[in-house]
Every structure is written in structure tokens, then in C-alpha cells.
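Reproduced below: data19.pdb, with PDB, C-alpha atoms.
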```pdb
MODEL        1
ATOM      1  CA  MET A   1      -3.273   1.310 -35.777  1.00  0.00           C
ATOM      2  CA  SER A   2      -5.006  -1.765 -37.178  1.00  0.00           C
ATOM      3  CA  LYS A   3      -4.877  -4.882 -35.049  1.00  0.00           C
ATOM      4  CA  ALA A   4      -5.294  -7.111 -38.110  1.00  0.00           C
ATOM      5  CA  THR A   5      -2.168  -9.056 -39.014  1.00  0.00           C
ATOM      6  CA  PRO A   6      -1.694 -12.389 -40.806  1.00  0.00           C
ATOM      7  CA  ALA A   7      -1.354 -13.913 -37.306  1.00  0.00           C
ATOM      8  CA  THR A   8      -4.648 -12.512 -36.014  1.00  0.00           C
ATOM      9  CA  GLU A   9      -6.354 -13.483 -39.274  1.00  0.00           C
ATOM     10  CA  GLN A  10      -5.136 -17.090 -38.904  1.00  0.00           C
ATOM     11  CA  MET A  11      -6.532 -17.210 -35.356  1.00  0.00           C
ATOM     12  CA  LYS A  12      -9.868 -15.748 -36.513  1.00  0.00           C
ATOM     13  CA  LYS A  13     -10.128 -18.288 -39.338  1.00  0.00           C
ATOM     14  CA  SER A  14      -9.372 -21.130 -36.914  1.00  0.00           C
ATOM     15  CA  GLY A  15     -12.515 -20.299 -34.923  1.00  0.00           C
ATOM     16  CA  ARG A  16     -10.603 -20.797 -31.687  1.00  0.00           C
ATOM     17  CA  PRO A  17     -10.929 -18.235 -28.877  1.00  0.00           C
ATOM     18  CA  PHE A  18      -8.174 -15.676 -28.360  1.00  0.00           C
ATOM     19  CA  GLU A  19      -7.610 -12.184 -27.027  1.00  0.00           C
ATOM     20  CA  LEU A  20      -5.379  -9.434 -28.308  1.00  0.00           C
ATOM     21  CA  LEU A  21      -3.114  -7.686 -25.817  1.00  0.00           C
ATOM     22  CA  GLU A  22      -1.298  -4.464 -26.651  1.00  0.00           C
ATOM     23  CA  TYR A  23       1.660  -2.917 -24.896  1.00  0.00           C
ATOM     24  CA  PRO A  24       4.125  -0.085 -25.575  1.00  0.00           C
ATOM     25  CA  TYR A  25       6.950  -1.781 -27.501  1.00  0.00           C
ATOM     26  CA  ASP A  26      10.450  -0.686 -26.492  1.00  0.00           C
ATOM     27  CA  PRO A  27      12.951  -1.229 -29.337  1.00  0.00           C
ATOM     28  CA  GLU A  28      15.820  -0.642 -26.870  1.00  0.00           C
ATOM     29  CA  ALA A  29      14.752  -3.434 -24.499  1.00  0.00           C
ATOM     30  CA  PRO A  30      17.451  -6.101 -24.087  1.00  0.00           C
ATOM     31  CA  SER A  31      14.750  -8.808 -24.257  1.00  0.00           C
ATOM     32  CA  ILE A  32      11.565  -8.173 -26.206  1.00  0.00           C
ATOM     33  CA  GLY A  33       9.759 -11.075 -24.517  1.00  0.00           C
ATOM     34  CA  LEU A  34      10.680  -9.969 -21.006  1.00  0.00           C
ATOM     35  CA  GLN A  35       9.730  -6.378 -21.804  1.00  0.00           C
ATOM     36  CA  ALA A  36       6.353  -7.559 -23.142  1.00  0.00           C
ATOM     37  CA  ALA A  37       5.715  -9.659 -20.022  1.00  0.00           C
ATOM     38  CA  GLU A  38       6.565  -6.757 -17.729  1.00  0.00           C
ATOM     39  CA  ALA A  39       4.462  -4.268 -19.710  1.00  0.00           C
ATOM     40  CA  LEU A  40       1.496  -6.672 -19.689  1.00  0.00           C
ATOM     41  CA  GLY A  41       1.916  -7.545 -15.999  1.00  0.00           C
ATOM     42  CA  LEU A  42       2.235 -11.257 -16.764  1.00  0.00           C
ATOM     43  CA  PRO A  43       4.731 -13.865 -15.567  1.00  0.00           C
ATOM     44  CA  ALA A  44       7.632 -14.121 -18.037  1.00  0.00           C
ATOM     45  CA  ALA A  45       7.193 -17.911 -18.111  1.00  0.00           C
ATOM     46  CA  GLN A  46       3.719 -17.424 -19.615  1.00  0.00           C
ATOM     47  CA  VAL A  47       4.794 -14.975 -22.348  1.00  0.00           C
ATOM     48  CA  PHE A  48       6.466 -16.999 -25.083  1.00  0.00           C
ATOM     49  CA  LYS A  49       8.980 -15.780 -27.631  1.00  0.00           C
ATOM     50  CA  THR A  50       9.083 -16.918 -31.236  1.00  0.00           C
ATOM     51  CA  LEU A  51      12.558 -17.846 -32.443  1.00  0.00           C
ATOM     52  CA  MET A  52      13.509 -18.603 -36.023  1.00  0.00           C
ATOM     53  CA  VAL A  53      16.014 -21.424 -36.299  1.00  0.00           C
ATOM     54  CA  THR A  54      17.740 -23.378 -39.018  1.00  0.00           C
ATOM     55  CA  ALA A  55      17.660 -27.072 -38.104  1.00  0.00           C
ATOM     56  CA  GLY A  56      19.913 -28.906 -40.527  1.00  0.00           C
ATOM     57  CA  ASP A  57      18.873 -27.289 -43.816  1.00  0.00           C
ATOM     58  CA  GLU A  58      15.298 -26.538 -42.711  1.00  0.00           C
ATOM     59  CA  ALA A  59      13.831 -23.305 -41.350  1.00  0.00           C
ATOM     60  CA  VAL A  60      11.757 -24.040 -38.239  1.00  0.00           C
ATOM     61  CA  ILE A  61      10.009 -22.106 -35.489  1.00  0.00           C
ATOM     62  CA  ALA A  62      10.758 -22.515 -31.777  1.00  0.00           C
ATOM     63  CA  ILE A  63       8.331 -21.153 -29.183  1.00  0.00           C
ATOM     64  CA  ILE A  64       9.802 -20.919 -25.677  1.00  0.00           C
ATOM     65  CA  PRO A  65       9.129 -18.938 -22.468  1.00  0.00           C
ATOM     66  CA  SER A  66      10.567 -15.427 -22.632  1.00  0.00           C
ATOM     67  CA  ASP A  67      12.595 -15.988 -19.447  1.00  0.00           C
ATOM     68  CA  LYS A  68      14.427 -19.031 -20.881  1.00  0.00           C
ATOM     69  CA  GLU A  69      17.045 -19.755 -23.526  1.00  0.00           C
ATOM     70  CA  LEU A  70      16.627 -22.188 -26.407  1.00  0.00           C
ATOM     71  CA  SER A  71      18.633 -25.407 -26.297  1.00  0.00           C
ATOM     72  CA  LEU A  72      19.727 -25.744 -29.924  1.00  0.00           C
ATOM     73  CA  LYS A  73      20.707 -29.349 -29.226  1.00  0.00           C
ATOM     74  CA  ALA A  74      17.207 -30.147 -27.942  1.00  0.00           C
ATOM     75  CA  LEU A  75      15.591 -28.422 -30.924  1.00  0.00           C
ATOM     76  CA  ALA A  76      17.820 -30.273 -33.400  1.00  0.00           C
ATOM     77  CA  HIS A  77      16.869 -33.557 -31.696  1.00  0.00           C
ATOM     78  CA  ALA A  78      13.142 -32.702 -31.775  1.00  0.00           C
ATOM     79  CA  ALA A  79      13.410 -31.802 -35.472  1.00  0.00           C
ATOM     80  CA  GLY A  80      15.331 -34.979 -36.256  1.00  0.00           C
ATOM     81  CA  LYS A  81      18.386 -33.038 -37.389  1.00  0.00           C
ATOM     82  CA  LYS A  82      22.054 -33.227 -36.415  1.00  0.00           C
ATOM     83  CA  SER A  83      22.417 -29.524 -35.624  1.00  0.00           C
ATOM     84  CA  ALA A  84      20.537 -26.262 -35.265  1.00  0.00           C
ATOM     85  CA  ALA A  85      21.520 -22.579 -35.352  1.00  0.00           C
ATOM     86  CA  MET A  86      19.714 -19.323 -34.727  1.00  0.00           C
ATOM     87  CA  MET A  87      18.633 -17.650 -37.950  1.00  0.00           C
ATOM     88  CA  LYS A  88      20.027 -14.209 -38.772  1.00  0.00           C
ATOM     89  CA  ALA A  89      17.478 -11.389 -38.391  1.00  0.00           C
ATOM     90  CA  PRO A  90      17.304 -10.445 -42.113  1.00  0.00           C
ATOM     91  CA  ASP A  91      16.670 -14.091 -43.037  1.00  0.00           C
ATOM     92  CA  ALA A  92      14.001 -14.426 -40.334  1.00  0.00           C
ATOM     93  CA  GLU A  93      12.230 -11.300 -41.609  1.00  0.00           C
ATOM     94  CA  ARG A  94      12.391 -12.447 -45.236  1.00  0.00           C
ATOM     95  CA  ILE A  95      11.062 -15.945 -44.463  1.00  0.00           C
ATOM     96  CA  THR A  96       8.309 -14.909 -42.048  1.00  0.00           C
ATOM     97  CA  GLY A  97       7.105 -11.645 -43.549  1.00  0.00           C
ATOM     98  CA  TYR A  98       7.373 -10.047 -40.090  1.00  0.00           C
ATOM     99  CA  LYS A  99       9.839  -7.617 -38.545  1.00  0.00           C
ATOM    100  CA  VAL A 100      12.038  -8.764 -35.646  1.00  0.00           C
ATOM    101  CA  GLY A 101      10.161  -7.888 -32.465  1.00  0.00           C
ATOM    102  CA  GLY A 102       6.914  -8.756 -34.212  1.00  0.00           C
ATOM    103  CA  ILE A 103       7.571 -12.296 -35.454  1.00  0.00           C
ATOM    104  CA  SER A 104       4.595 -14.518 -34.723  1.00  0.00           C
ATOM    105  CA  PRO A 105       4.442 -18.302 -35.015  1.00  0.00           C
ATOM    106  CA  LEU A 106       1.099 -17.708 -36.753  1.00  0.00           C
ATOM    107  CA  GLY A 107       0.394 -16.397 -40.242  1.00  0.00           C
ATOM    108  CA  GLN A 108       3.905 -16.642 -41.620  1.00  0.00           C
ATOM    109  CA  LYS A 109       4.427 -16.351 -45.387  1.00  0.00           C
ATOM    110  CA  LYS A 110       5.344 -20.041 -45.611  1.00  0.00           C
ATOM    111  CA  ARG A 111       4.116 -22.799 -43.295  1.00  0.00           C
ATOM    112  CA  LEU A 112       7.070 -24.103 -41.307  1.00  0.00           C
ATOM    113  CA  ARG A 113       7.363 -26.821 -38.691  1.00  0.00           C
ATOM    114  CA  VAL A 114       6.732 -25.432 -35.218  1.00  0.00           C
ATOM    115  CA  PHE A 115       8.232 -26.710 -31.974  1.00  0.00           C
ATOM    116  CA  MET A 116       6.801 -25.497 -28.668  1.00  0.00           C
ATOM    117  CA  ASP A 117       8.361 -25.880 -25.247  1.00  0.00           C
ATOM    118  CA  ALA A 118       6.373 -28.446 -23.272  1.00  0.00           C
ATOM    119  CA  SER A 119       6.109 -26.025 -20.315  1.00  0.00           C
ATOM    120  CA  ALA A 120       3.248 -24.304 -22.178  1.00  0.00           C
ATOM    121  CA  GLN A 121       0.926 -27.128 -21.136  1.00  0.00           C
ATOM    122  CA  ALA A 122       1.121 -26.004 -17.497  1.00  0.00           C
ATOM    123  CA  PHE A 123      -0.844 -22.813 -18.192  1.00  0.00           C
ATOM    124  CA  ALA A 124      -4.529 -22.061 -18.745  1.00  0.00           C
ATOM    125  CA  PHE A 125      -3.355 -19.519 -21.328  1.00  0.00           C
ATOM    126  CA  MET A 126      -0.124 -18.445 -22.956  1.00  0.00           C
ATOM    127  CA  VAL A 127       0.868 -15.357 -24.889  1.00  0.00           C
ATOM    128  CA  VAL A 128       2.660 -15.255 -28.256  1.00  0.00           C
ATOM    129  CA  ASN A 129       3.489 -12.435 -30.630  1.00  0.00           C
ATOM    130  CA  GLY A 130       0.572 -11.199 -32.686  1.00  0.00           C
ATOM    131  CA  GLY A 131       2.536 -10.282 -35.783  1.00  0.00           C
ATOM    132  CA  ARG A 132       3.303  -6.665 -34.938  1.00  0.00           C
ATOM    133  CA  ARG A 133       5.565  -5.026 -32.400  1.00  0.00           C
ATOM    134  CA  GLY A 134       3.491  -4.323 -29.302  1.00  0.00           C
ATOM    135  CA  LEU A 135       0.722  -6.809 -30.152  1.00  0.00           C
ATOM    136  CA  GLN A 136       0.341 -10.193 -28.445  1.00  0.00           C
ATOM    137  CA  ILE A 137      -2.143 -13.051 -28.803  1.00  0.00           C
ATOM    138  CA  LYS A 138      -3.450 -14.678 -25.614  1.00  0.00           C
ATOM    139  CA  ALA A 139      -4.886 -18.166 -26.091  1.00  0.00           C
ATOM    140  CA  ALA A 140      -5.040 -21.628 -24.555  1.00  0.00           C
ATOM    141  CA  PRO A 141      -1.916 -23.691 -25.287  1.00  0.00           C
ATOM    142  CA  ALA A 142      -4.025 -26.464 -26.839  1.00  0.00           C
ATOM    143  CA  ASP A 143      -5.561 -23.970 -29.272  1.00  0.00           C
ATOM    144  CA  LEU A 144      -2.174 -22.560 -30.299  1.00  0.00           C
ATOM    145  CA  ILE A 145      -0.803 -26.087 -30.697  1.00  0.00           C
ATOM    146  CA  ALA A 146      -3.742 -26.979 -32.939  1.00  0.00           C
ATOM    147  CA  VAL A 147      -3.529 -23.829 -35.071  1.00  0.00           C
ATOM    148  CA  THR A 148       0.267 -23.920 -35.528  1.00  0.00           C
ATOM    149  CA  GLY A 149       0.559 -27.701 -35.713  1.00  0.00           C
ATOM    150  CA  ALA A 150       3.258 -27.458 -33.053  1.00  0.00           C
ATOM    151  CA  THR A 151       5.210 -30.412 -31.743  1.00  0.00           C
ATOM    152  CA  LEU A 152       5.786 -30.283 -27.987  1.00  0.00           C
ATOM    153  CA  ALA A 153       9.334 -30.851 -26.724  1.00  0.00           C
ATOM    154  CA  GLU A 154      11.609 -29.880 -23.834  1.00  0.00           C
ATOM    155  CA  LEU A 155      13.379 -26.989 -25.597  1.00  0.00           C
ATOM    156  CA  ALA A 156      14.157 -24.379 -22.945  1.00  0.00           C
ATOM    157  CA  VAL A 157      17.028 -24.152 -20.481  1.00  0.00           C
TER     158      VAL A 157
ENDMDL
END
```
As C-alpha cells - that is how I would like this structure written.
Amino acid sequence: MSKATPATEQMKKSGRPFELLEYPYDPEAPSIGLQAAEALGLPAAQVFKTLMVTAGDEAVIAIIPSDKELSLKALAHAAGKKSAAMMKAPDAERITGYKVGGISPLGQKKRLRVFMDASAQAFAFMVVNGGRRGLQIKAAPADLIAVTGATLAELAV
């Protein structure tokens, strides 16, 4: 199967270093992020999940550690909105161009504001979805922040 996705293409075009990591995706896993971390032998705190959220009337992306939950209140505050809610899967797929389980913060159909949990800065590298189920991108947090234009905030609880 091809490893090229819009996410990997965006990283290539950025010129920033990254690695691709593959793992056997389990559609029955209760947590895709935790399953990816376990399959890759990485700490769950270093494997980040991409969540699609509606903040006010705006679609935004939240990137948080796979072993944490998103504070919708914190995300709404970071986005300058009064409220935030998780996006329904069909809407997330339509907006991003990716299937749930393969949603990457990179290479989405439309450029959205990205908010990343500040804990990412503690790591030499972090892992985010590569745009396909079972494919992850490993890169330095600073590089992912630069490529996605992410705003750092305390988002996870």
C-alpha cells in the first residue's frame, strides 16, 4: 500500500525531517491512539491524537496525547470562543478528506486552525496520524507546529 497521503506530501513539501511509522490498525480498538502507541512500542503521552472540534461556529483541530481527554472548555478559550463540541464522525470525514482512524492534522482538504497540547514541547519527537489508518508521522514538535501553524495551549486533562 502506498505511503503517500496528503499529510505525508505536506511534510515532504515543508522540507522538515520526519519518519513514517506503520502499525497494524485495529478497527475494534477502544482507543485508536492508545492502540497505535502500544503497537509502535511508544509511550502513549508521545503519540498524539487528532480531534475535530467545532469551536463556536468554526471547525478546528485539537492535537492531544492519546492517553488524555480534551478539555472542551480549554479549547474554546484557546480559540477565543464561548463553547466547543466534538464534531460528529461524518462531518469530520467530510471536512478533512480522511476517514476516522486516519485523520491527520496535516494535509486536510481545507486549512483549519490547529491547537496543540503544550505537553508536546517536552518531547524530542512526537507522533501524529499520517493520513491513513495504520500510518503515523514521527517528527519534532517544533517542526509539526511550524507546518500546521499550531497554537500551543493546555488542552488535555
Pick the closest to Ala59 of chain A from A:Met86, A:Leu21, A:Ala44, A:Ala78: which is it, counting all atoms listed in the file? A:Met86
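Against this structure, the PyMOL selection byres ((chain A and resi 2-16) around 6) ends up with Met1, Pro17, Leu106, Gly107, Gly130 and Gly131 of chain A.
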Export, as a short mmCIF file (atom, residue, chain, number, x, y, z; two decimals), keeping the file's coordinate frame, the selected residues with C-alpha atoms.
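New file result_5.cif:
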```
data_model
loop_
_atom_site.label_atom_id
_atom_site.label_comp_id
_atom_site.auth_asym_id
_atom_site.auth_seq_id
_atom_site.Cartn_x
_atom_site.Cartn_y
_atom_site.Cartn_z
CA MET A 1 -3.27 1.31 -35.78
CA PRO A 17 -10.93 -18.24 -28.88
CA LEU A 106 1.10 -17.71 -36.75
CA GLY A 107 0.39 -16.40 -40.24
CA GLY A 130 0.57 -11.20 -32.69
CA GLY A 131 2.54 -10.28 -35.78
#
```
Which distance in Å separates atom CA of Phe18 of chain A and atom CA of Ile137 of chain A, to one decimal?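 Interatomic distance, atom CA of Phe18 of chain A to atom CA of Ile137 of chain A: 6.6 Å.
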Report, in Å with one decimal, the straight-line distance from atom CA of Ser119 of chain A to atom CA of Arg132 of chain A.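 Atom CA of Arg132 of chain A lies 24.4 Å from atom CA of Ser119 of chain A.
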Using all atoms listed in the file, which residues sit within 12 Å of Ser104 of chain A once same-chain residues fewer than 2 positions away are excluded, as a PyMOL selection string? chain A and resi 5-11+33+48-52+61-63+92-93+95-102+106-109+111-112+114+127-137+144+148
Return the single residue from A:Lys81, A:Ser71, A:Gly41, A:Ile32 that is closest to Asp57 of chain A, with distances computed using all atoms listed in the file. A:Lys81
Which distance in Å separates atom CA of Gln46 of chain A and atom CA of Ser66 of chain A, to one decimal? 7.7 Å
Given the file shown, enumerate the residues that the PyMOL selection byres ((chain A and resi 156) around 8) captures and present them as a ChimeraX atom specification. /A:64-65,68-71,117,154-155,157
Once all heavy atoms are restored for segment 1-12 of chain A, what would the output be as a tab-separated table (two decimals), keeping the file's coordinate frame?
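Below is the file result_15.tsv, written as the result:
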```tsv
chain	number	residue	atom	x	y	z
A	1	MET	N	-3.93	2.29	-34.94
A	1	MET	CA	-3.27	1.31	-35.78
A	1	MET	C	-4.12	0.03	-35.83
A	1	MET	O	-4.66	-0.40	-34.83
A	1	MET	CB	-1.88	1.02	-35.22
A	1	MET	CG	-1.08	0.03	-36.04
A	1	MET	SD	0.58	-0.21	-35.37
A	1	MET	CE	1.50	0.76	-36.53
A	2	SER	N	-4.21	-0.55	-37.00
A	2	SER	CA	-5.01	-1.76	-37.18
A	2	SER	C	-4.42	-2.93	-36.38
A	2	SER	O	-3.22	-3.10	-36.31
A	2	SER	CB	-5.05	-2.13	-38.65
A	2	SER	OG	-5.64	-3.40	-38.82
A	3	LYS	N	-5.31	-3.71	-35.80
A	3	LYS	CA	-4.88	-4.88	-35.05
A	3	LYS	C	-4.86	-6.12	-35.94
A	3	LYS	O	-4.49	-7.19	-35.50
A	3	LYS	CB	-5.79	-5.10	-33.85
A	3	LYS	CG	-5.68	-4.01	-32.81
A	3	LYS	CD	-6.60	-4.28	-31.66
A	3	LYS	CE	-6.60	-3.11	-30.70
A	3	LYS	NZ	-7.57	-3.25	-29.64
A	4	ALA	N	-5.27	-5.97	-37.20
A	4	ALA	CA	-5.29	-7.11	-38.11
A	4	ALA	C	-3.89	-7.38	-38.65
A	4	ALA	O	-3.24	-6.49	-39.17
A	4	ALA	CB	-6.26	-6.85	-39.26
A	5	THR	N	-3.44	-8.60	-38.47
A	5	THR	CA	-2.17	-9.06	-39.01
A	5	THR	C	-2.42	-10.46	-39.58
A	5	THR	O	-3.46	-11.05	-39.28
A	5	THR	CB	-1.07	-9.16	-37.92
A	5	THR	OG1	-1.43	-10.21	-37.02
A	5	THR	CG2	-0.89	-7.85	-37.16
A	6	PRO	N	-1.50	-10.99	-40.37
A	6	PRO	CA	-1.69	-12.39	-40.81
A	6	PRO	C	-1.88	-13.35	-39.62
A	6	PRO	O	-2.63	-14.31	-39.72
A	6	PRO	CB	-0.41	-12.68	-41.59
A	6	PRO	CG	0.02	-11.34	-42.11
A	6	PRO	CD	-0.33	-10.37	-41.01
A	7	ALA	N	-1.22	-13.06	-38.50
A	7	ALA	CA	-1.35	-13.91	-37.31
A	7	ALA	C	-2.77	-13.84	-36.73
A	7	ALA	O	-3.37	-14.88	-36.42
A	7	ALA	CB	-0.33	-13.50	-36.24
A	8	THR	N	-3.30	-12.64	-36.57
A	8	THR	CA	-4.65	-12.51	-36.01
A	8	THR	C	-5.68	-13.08	-36.98
A	8	THR	O	-6.67	-13.67	-36.55
A	8	THR	CB	-4.99	-11.05	-35.67
A	8	THR	OG1	-4.95	-10.24	-36.85
A	8	THR	CG2	-4.02	-10.48	-34.64
A	9	GLU	N	-5.44	-12.92	-38.28
A	9	GLU	CA	-6.35	-13.48	-39.27
A	9	GLU	C	-6.36	-15.01	-39.21
A	9	GLU	O	-7.41	-15.64	-39.33
A	9	GLU	CB	-5.99	-13.00	-40.68
A	9	GLU	CG	-6.24	-11.52	-40.90
A	9	GLU	CD	-7.68	-11.10	-40.62
A	9	GLU	OE1	-8.61	-11.75	-41.14
A	9	GLU	OE2	-7.88	-10.13	-39.87
A	10	GLN	N	-5.19	-15.63	-39.01
A	10	GLN	CA	-5.14	-17.09	-38.90
A	10	GLN	C	-5.91	-17.55	-37.68
A	10	GLN	O	-6.63	-18.55	-37.73
A	10	GLN	CB	-3.70	-17.60	-38.85
A	10	GLN	CG	-3.64	-19.12	-38.85
A	10	GLN	CD	-2.24	-19.70	-38.84
A	10	GLN	OE1	-1.24	-18.99	-38.87
A	10	GLN	NE2	-2.15	-21.02	-38.80
A	11	MET	N	-5.77	-16.83	-36.56
A	11	MET	CA	-6.53	-17.21	-35.36
A	11	MET	C	-8.03	-17.04	-35.59
A	11	MET	O	-8.82	-17.91	-35.21
A	11	MET	CB	-6.08	-16.38	-34.15
A	11	MET	CG	-4.77	-16.84	-33.55
A	11	MET	SD	-4.68	-18.58	-33.01
A	11	MET	CE	-5.82	-18.59	-31.61
A	12	LYS	N	-8.44	-15.95	-36.23
A	12	LYS	CA	-9.87	-15.75	-36.51
A	12	LYS	C	-10.41	-16.88	-37.37
A	12	LYS	O	-11.48	-17.43	-37.09
A	12	LYS	CB	-10.09	-14.42	-37.25
A	12	LYS	CG	-10.11	-13.21	-36.35
A	12	LYS	CD	-10.40	-11.96	-37.14
A	12	LYS	CE	-10.10	-10.74	-36.30
A	12	LYS	NZ	-10.00	-9.52	-37.09
```
